[in-house]
$ cat query.txt   # compact mmCIF, C-alpha atoms
# COMPACT_ATOMS: atom_id res chain seq x y z
CA MET A 40 16.23 -1.15 19.42
CA LYS A 41 18.03 0.34 16.41
CA ILE A 42 15.62 0.89 13.52
CA VAL A 43 16.32 2.10 10.00
CA LEU A 44 13.31 3.95 8.57
CA THR A 45 12.54 5.06 5.02
CA GLY A 46 9.64 7.33 4.08
CA SER A 47 9.90 9.23 7.36
CA THR A 48 8.69 12.51 5.81
CA GLY A 49 5.44 10.99 4.54
CA LEU A 50 2.07 10.89 6.29
CA ILE A 51 2.61 7.52 7.95
CA GLY A 52 6.38 7.75 8.36
CA SER A 53 6.31 11.06 10.22
CA ALA A 54 3.70 9.79 12.69
CA LEU A 55 5.56 6.50 13.17
CA LEU A 56 8.86 8.32 13.71
CA ARG A 57 7.37 10.32 16.59
CA GLN A 58 6.08 7.15 18.25
CA LEU A 59 9.34 5.22 17.79
CA GLU A 60 11.34 8.07 19.28
CA ALA A 61 8.88 8.31 22.19
CA ASP A 62 9.55 4.59 22.77
CA ASN A 63 13.28 5.47 23.04
CA HIS A 64 14.28 3.52 19.94
CA GLN A 65 17.33 4.69 18.02
CA VAL A 66 16.00 5.61 14.56
CA VAL A 67 18.20 6.15 11.51
CA ARG A 68 16.33 7.92 8.72
CA LEU A 69 17.18 7.21 5.07
CA LEU A 70 16.28 10.26 3.00
CA ARG A 71 16.63 11.25 -0.64
CA ARG A 72 18.30 14.55 0.25
CA PRO A 73 21.51 15.56 2.05
CA PRO A 74 21.37 14.89 5.79
CA GLN A 75 20.63 17.77 8.13
CA ARG A 76 20.83 15.91 11.46
CA PRO A 77 23.08 13.18 12.88
CA ASP A 78 20.27 10.61 12.64
CA GLU A 79 19.81 11.17 8.88
CA MET A 80 21.61 9.55 5.94
CA GLU A 81 21.16 10.09 2.21
CA TRP A 82 20.38 7.20 -0.13
CA ASP A 83 19.63 6.97 -3.84
CA PRO A 84 17.52 3.85 -4.48
CA ALA A 85 17.08 4.67 -8.16
CA ALA A 86 20.87 4.49 -8.60
CA GLY A 87 21.21 1.53 -6.25
CA LYS A 88 23.22 3.51 -3.69
CA LEU A 89 23.09 3.03 0.07
CA PRO A 90 25.45 4.95 2.37
CA GLU A 91 28.16 2.71 3.75
CA GLY A 92 27.30 1.21 7.10
CA CYS A 93 23.79 2.68 7.26
CA LEU A 94 22.24 -0.69 8.16
CA ALA A 95 25.03 -1.81 10.49
CA GLY A 96 23.76 -2.94 13.87
CA ALA A 97 20.11 -2.47 12.88
CA ASP A 98 17.58 -4.68 14.62
CA ALA A 99 14.84 -3.84 12.12
CA ILE A 100 14.25 -1.98 8.86
CA ILE A 101 10.89 -0.33 8.20
CA HIS A 102 10.45 0.58 4.53
CA LEU A 103 7.65 3.06 3.79
CA GLY A 104 9.23 4.93 0.87
CA GLY A 105 7.92 5.14 -2.69
CA GLU A 106 6.50 7.48 -5.33
CA SER A 107 3.11 8.90 -4.33
CA ILE A 108 0.13 7.27 -6.05
CA GLN A 109 -1.69 10.61 -6.11
CA GLY A 110 -2.04 12.31 -9.48
CA ARG A 111 -2.96 11.05 -12.94
CA TRP A 112 -1.43 7.73 -13.88
CA THR A 113 0.39 8.60 -17.07
CA ASN A 114 2.83 6.02 -18.38
CA ALA A 115 5.66 7.94 -16.72
CA LYS A 116 3.79 8.10 -13.42
CA ARG A 117 3.01 4.37 -13.53
CA GLY A 118 6.66 3.62 -14.14
CA ALA A 119 7.72 5.82 -11.23
CA ILE A 120 5.20 4.22 -8.86
CA LEU A 121 6.37 0.71 -9.72
CA GLU A 122 10.11 1.28 -10.07
CA SER A 123 10.46 3.36 -6.91
CA ARG A 124 9.07 0.48 -4.87
CA ILE A 125 10.81 -2.42 -6.57
CA ARG A 126 14.27 -0.84 -6.81
CA SER A 127 14.30 0.46 -3.24
CA THR A 128 13.07 -2.85 -1.81
CA ALA A 129 15.52 -4.87 -3.89
CA LEU A 130 18.40 -2.63 -2.78
CA LEU A 131 17.51 -3.07 0.89
CA ALA A 132 17.01 -6.82 0.38
CA ARG A 133 20.45 -7.32 -1.20
CA SER A 134 22.10 -5.30 1.52
CA MET A 135 20.36 -7.13 4.37
CA ALA A 136 21.07 -10.57 2.90
CA ALA A 137 24.80 -9.73 2.77
CA MET A 138 24.99 -8.63 6.40
CA ASN A 139 26.39 -10.61 9.32
CA PRO A 140 24.66 -10.35 11.69
CA ARG A 141 21.44 -9.58 9.86
CA PRO A 142 18.48 -7.52 11.12
CA HIS A 143 15.80 -9.70 12.68
CA SER A 144 12.81 -7.92 11.10
CA PHE A 145 11.87 -6.19 7.85
CA LEU A 146 8.55 -4.36 7.71
CA CYS A 147 7.69 -3.27 4.18
CA ALA A 148 4.73 -1.15 3.10
CA SER A 149 2.21 -2.61 0.69
CA ALA A 150 -1.49 -1.84 0.24
CA ALA A 151 -4.91 -3.42 0.61
CA ALA A 152 -4.94 -3.45 -3.20
CA TYR A 153 -7.52 -6.19 -3.68
CA GLY A 154 -9.32 -4.60 -6.61
CA ASP A 155 -13.09 -4.13 -6.94
CA ARG A 156 -14.49 -7.17 -5.08
CA GLY A 157 -18.03 -6.05 -4.20
CA GLU A 158 -19.36 -7.65 -1.00
CA GLU A 159 -16.50 -10.15 -0.59
CA ILE A 160 -14.79 -10.00 2.81
CA LEU A 161 -11.05 -9.74 2.21
CA THR A 162 -8.58 -11.09 4.77
CA ASP A 163 -4.79 -11.00 4.96
CA HIS A 164 -4.75 -14.23 2.92
CA SER A 165 -6.89 -12.90 0.04
CA ASP A 166 -5.30 -12.54 -3.39
CA LEU A 167 -4.31 -9.08 -4.49
CA GLY A 168 -6.24 -7.54 -7.38
CA GLN A 169 -5.50 -7.68 -11.08
CA ASP A 170 -5.60 -3.90 -11.56
CA PHE A 171 -2.53 -1.67 -11.65
CA LEU A 172 -2.25 -1.22 -7.89
CA GLY A 173 -2.69 -4.94 -7.34
CA GLN A 174 0.10 -5.67 -9.80
CA VAL A 175 2.36 -3.10 -8.12
CA CYS A 176 1.80 -4.59 -4.67
CA ARG A 177 2.28 -8.15 -5.96
CA ALA A 178 5.67 -7.17 -7.41
CA TRP A 179 6.52 -5.17 -4.28
CA GLU A 180 5.79 -8.11 -1.98
CA ALA A 181 7.75 -10.43 -4.28
CA ALA A 182 10.78 -8.14 -3.95
CA ALA A 183 10.38 -8.22 -0.16
CA ALA A 184 10.20 -12.04 -0.23
CA THR A 185 13.92 -12.06 -0.98
CA VAL A 186 14.46 -10.80 2.56
CA GLN A 187 12.31 -13.58 3.99
CA ARG A 188 14.32 -16.19 2.08
CA ALA A 189 17.43 -14.80 3.78
CA GLY A 190 15.90 -15.79 7.12
CA ILE A 191 14.70 -12.34 8.16
CA ARG A 192 11.13 -12.03 9.48
CA THR A 193 9.26 -10.05 6.83
CA VAL A 194 5.90 -8.32 7.26
CA ASN A 195 3.96 -6.91 4.28
CA LEU A 196 1.94 -3.98 5.63
CA ARG A 197 -1.21 -3.96 3.48
CA LEU A 198 -2.35 -0.42 4.25
CA GLY A 199 -5.90 0.81 3.76
CA MET A 200 -7.09 4.41 3.41
CA VAL A 201 -5.25 6.27 6.18
CA LEU A 202 -7.34 9.06 7.70
CA ASP A 203 -5.80 12.24 9.07
CA GLY A 204 -7.18 15.76 9.33
CA ARG A 205 -4.11 17.53 7.96
CA ARG A 206 -2.72 15.29 5.21
CA GLY A 207 -3.96 12.54 2.94
CA ALA A 208 -7.35 11.54 1.54
CA LEU A 209 -9.55 12.83 4.36
CA ALA A 210 -7.79 16.20 4.45
CA ALA A 211 -8.48 16.54 0.72
CA MET A 212 -12.20 15.87 1.29
CA LEU A 213 -12.68 18.24 4.20
CA PRO A 214 -13.02 21.59 2.35
CA ALA A 215 -15.93 20.38 0.21
CA PHE A 216 -17.67 18.74 3.16
CA ARG A 217 -17.23 21.83 5.34
CA TRP A 218 -19.04 23.83 2.65
CA GLY A 219 -21.88 21.30 2.60
CA LEU A 220 -20.83 20.08 -0.85
CA GLY A 221 -20.03 16.47 0.13
CA GLY A 222 -22.02 13.35 -0.63
CA ARG A 223 -21.85 9.87 -2.07
CA VAL A 224 -19.42 9.06 -4.86
CA GLY A 225 -20.77 6.86 -7.63
CA SER A 226 -23.31 4.42 -6.23
CA GLY A 227 -22.00 4.96 -2.71
CA ARG A 228 -22.36 1.23 -2.07
CA GLN A 229 -18.66 0.50 -2.52
CA PHE A 230 -16.77 -0.43 0.66
CA TRP A 231 -13.87 1.70 1.82
CA SER A 232 -11.23 0.06 4.01
CA TRP A 233 -10.02 2.83 6.29
CA ILE A 234 -7.86 3.31 9.39
CA THR A 235 -6.83 6.34 11.44
CA LEU A 236 -3.25 7.57 11.27
CA ALA A 237 -2.80 6.90 15.00
CA ASP A 238 -3.94 3.28 14.62
CA THR A 239 -1.74 2.87 11.55
CA ALA A 240 1.38 3.87 13.46
CA GLY A 241 0.26 1.76 16.41
CA ALA A 242 -0.31 -1.30 14.22
CA ILE A 243 3.17 -0.98 12.67
CA ARG A 244 4.73 -0.73 16.14
CA HIS A 245 2.73 -3.82 17.13
CA ALA A 246 3.96 -5.72 14.07
CA LEU A 247 7.50 -4.66 14.91
CA ALA A 248 7.23 -6.09 18.43
CA ASP A 249 5.28 -9.28 17.67
CA GLU A 250 7.76 -11.89 16.44
CA ASN A 251 4.91 -14.20 15.41
CA LEU A 252 3.60 -11.84 12.73
CA ALA A 253 5.04 -12.39 9.25
CA GLY A 254 3.77 -12.17 5.69
CA PRO A 255 0.77 -10.06 4.65
CA VAL A 256 -1.03 -8.14 7.42
CA ASN A 257 -4.04 -5.95 6.66
CA ILE A 258 -3.58 -2.55 8.32
CA VAL A 259 -7.24 -1.52 8.28
CA SER A 260 -10.08 -0.92 10.74
CA PRO A 261 -12.16 -4.01 11.58
CA ASN A 262 -15.17 -2.04 10.34
CA PRO A 263 -14.97 -1.24 6.60
CA ILE A 264 -17.75 1.12 5.60
CA ARG A 265 -19.77 1.84 2.49
CA GLN A 266 -18.77 5.14 0.93
CA ALA A 267 -22.24 6.68 1.31
CA ASP A 268 -22.18 5.85 5.03
CA PHE A 269 -18.69 7.35 5.29
CA ALA A 270 -19.97 10.55 3.69
CA ARG A 271 -22.89 10.72 6.11
CA ALA A 272 -20.58 10.11 9.08
CA LEU A 273 -18.27 12.93 7.96
CA GLY A 274 -21.27 15.21 7.51
CA ARG A 275 -22.43 14.40 11.06
CA ALA A 276 -18.97 15.10 12.46
CA LEU A 277 -18.90 18.50 10.73
CA GLY A 278 -22.58 19.34 11.24
CA ARG A 279 -23.08 19.68 7.49
CA PRO A 280 -25.52 18.14 4.97
CA THR A 281 -24.26 15.48 2.55
CA ILE A 282 -26.83 15.65 -0.22
CA LEU A 283 -24.73 16.37 -3.31
CA PRO A 284 -23.76 13.14 -5.09
CA VAL A 285 -20.84 12.92 -7.50
CA SER A 286 -21.31 10.58 -10.44
CA ALA A 287 -18.76 7.91 -11.27
CA ARG A 288 -18.32 9.56 -14.67
CA ALA A 289 -17.49 12.92 -13.11
CA VAL A 290 -14.96 11.34 -10.73
CA ARG A 291 -13.28 9.51 -13.61
CA LEU A 292 -13.08 12.71 -15.64
CA ALA A 293 -11.51 14.53 -12.70
CA PHE A 294 -9.05 11.89 -11.53
CA GLY A 295 -8.65 9.36 -14.33
CA GLU A 296 -7.79 5.76 -13.48
CA VAL A 297 -7.04 6.70 -9.87
CA ALA A 298 -10.81 7.14 -9.34
CA ASP A 299 -11.55 3.49 -10.10
CA ALA A 300 -8.72 2.22 -7.89
CA LEU A 301 -9.19 4.45 -4.85
CA LEU A 302 -12.71 5.87 -4.85
CA LEU A 303 -15.04 3.62 -6.82
CA ALA A 304 -13.63 0.15 -6.12
CA SER A 305 -15.34 -1.84 -3.37
CA ILE A 306 -12.65 -3.22 -1.04
CA ARG A 307 -14.10 -4.82 2.10
CA ALA A 308 -10.86 -5.67 3.87
CA VAL A 309 -10.65 -6.74 7.52
CA PRO A 310 -7.62 -7.32 9.83
CA PRO A 311 -7.98 -10.82 11.38
CA ARG A 312 -4.25 -11.31 11.93
CA LEU A 313 -3.89 -8.01 13.79
CA LEU A 314 -6.88 -8.82 16.00
CA GLU A 315 -5.77 -12.41 16.68
CA SER A 316 -2.32 -11.14 17.69
CA GLY A 317 -3.86 -8.92 20.36
CA PHE A 318 -3.71 -5.48 18.73
CA VAL A 319 -6.32 -3.11 20.20
CA PHE A 320 -7.59 -0.33 17.95
CA LYS A 321 -7.99 3.11 19.49
CA ASN A 322 -10.58 4.14 16.91
CA PRO A 323 -12.28 1.10 15.35
CA ASP A 324 -15.57 2.90 14.54
CA ILE A 325 -15.96 5.68 12.00
CA ASP A 326 -17.95 8.19 14.08
CA GLU A 327 -15.51 8.04 16.99
CA ALA A 328 -12.56 8.10 14.60
CA LEU A 329 -13.73 11.20 12.73
CA GLU A 330 -14.55 13.02 15.96
CA SER A 331 -11.05 12.30 17.28
CA ILE A 332 -9.33 13.28 14.03
CA LEU A 333 -11.22 16.57 13.67
CA ALA A 334 -10.57 17.48 17.31
CA LYS A 335 -6.83 16.93 16.85
CA ALA A 336 -6.79 18.93 13.61
CA ALA A 337 -8.62 21.84 15.29
CA ALA A 338 -6.17 21.83 18.20
CA ALA A 339 -3.07 21.78 15.99
$ encode --input "query.txt" --output "structure tokens"
Amino acid sequence: MKIVLTGSTGLIGSALLRQLEADNHQVVRLLRRPPQRPDEMEWDPAAGKLPEGCLAGADAIIHLGGESIQGRWTNAKRGAILESRIRSTALLARSMAAMNPRPHSFLCASAAAYGDRGEEILTDHSDLGQDFLGQVCRAWEAAAATVQRAGIRTVNLRLGMVLDGRRGALAAMLPAFRWGLGGRVGSGRQFWSWITLADTAGAIRHALADENLAGPVNIVSPNPIRQADFARALGRALGRPTILPVSARAVRLAFGEVADALLLASIRAVPPRLLESGFVFKNPDIDEALESILAKAAAA
């Protein structure tokens, strides 16, 4: 299968690229820098520029690119987060709709951005939140819907917190927890919807292969966990105490609005569509997942 991939240098994209290449797919990487290998091509989504013929003959496009949500959400940062996603998706959508033949599948990143919903169980059919991230993902998925209207199977990958020992949210937590300085954040009762990096890449490959999957698909473990329980599980995996709480006020002072969206919001998302389609998680439980992640990080 010929696959065009954006975001291949990111946490998820780099792991997915390795798996796609191991499956003997032909992968063309769209990058925002000059190409350094024959399988790379430069694009400029902000300027609406795609290299000529880059999508030709593609069976599927997987779009994972976009401005990082990490960092303080200034007005400029908010604009970059939104525009990078909408413009790039719209550019790909226009190009795919004009093709003959067209790709048969478009997998586009989104997020499990359901907002602070307390104890509510959130499925693939739940409404996105009204906060900034929810609004971004709603606009992002609307841009991707143009592809679906062109008759191309479109999957919105609603990604949860992706756990990896070297990059991402967990990697950022590890130094404090290794020093015994970890603990609950805020009340600790908020649910975190998490998934390992290996299962994330596996779920995207599954969505690529399963022609019956379309629309929103939650890419999360079937076992969301309260933040305090997550902290205790990480402490167990590291053999460290987790007795130092961090107040919601302190987290907001440190991270700004990002704290409410990513750390303090309770998002109890589950993946019924993945499970019903036959996807089998390698690491569905947090203790096993953290043990596997830390072992891989130590061996690297």
$ closest_residue --input "query.txt" --among "A:Phe230, A:Asp324, A:Val319, A:Ala304" --to "Gly168 in chain A" --atoms "all atoms listed in the file"
A:Ala304
$ closest_residue --input "query.txt" --among "A:Gln58, A:Trp218, A:Pro74, A:Val67" --to "Asp98 in chain A" --atoms "all atoms listed in the file"
A:Val67
$ residues_around --input "query.txt" --residues "range 121-136 of chain A" --least-positions-apart "4" --cutoff "10 Å" --atoms "only C-alpha atoms" --output "JSON, numbers by chain"
{"A": [45, 82, 83, 84, 85, 86, 87, 88, 89, 93, 94, 95, 97, 100, 102, 103, 104, 105, 106, 107, 108, 116, 117, 140, 141, 142, 143, 145, 147, 148, 149, 171, 172, 174, 175, 176, 178, 179, 180, 181, 182, 183, 184, 185, 186, 187, 188, 189, 190, 191]}
$ atom_distance --input "query.txt" --atom1 "CA of Leu161 in chain A" --atom2 "CA of Ala308 in chain A"
4.4 Å
$ closest_residue --input "query.txt" --among "A:Arg57, A:Arg111, A:Arg206, A:Arg68" --to "Asp299 in chain A" --atoms "all atoms listed in the file"
A:Arg111
$ atom_distance --input "query.txt" --atom1 "CA of Ile325 in chain A" --atom2 "CA of Asp268 in chain A"
9.3 Å
$ residues_around --input "query.txt" --residues "Ser331 in chain A" --least-positions-apart "5" --cutoff "10 Å" --atoms "all atoms listed in the file" --output "list of chain:residue names"
A:Asp203, A:Gly204, A:Thr235, A:Ala276, A:Lys321, A:Asn322, A:Ile325, A:Asp326, A:Ala336
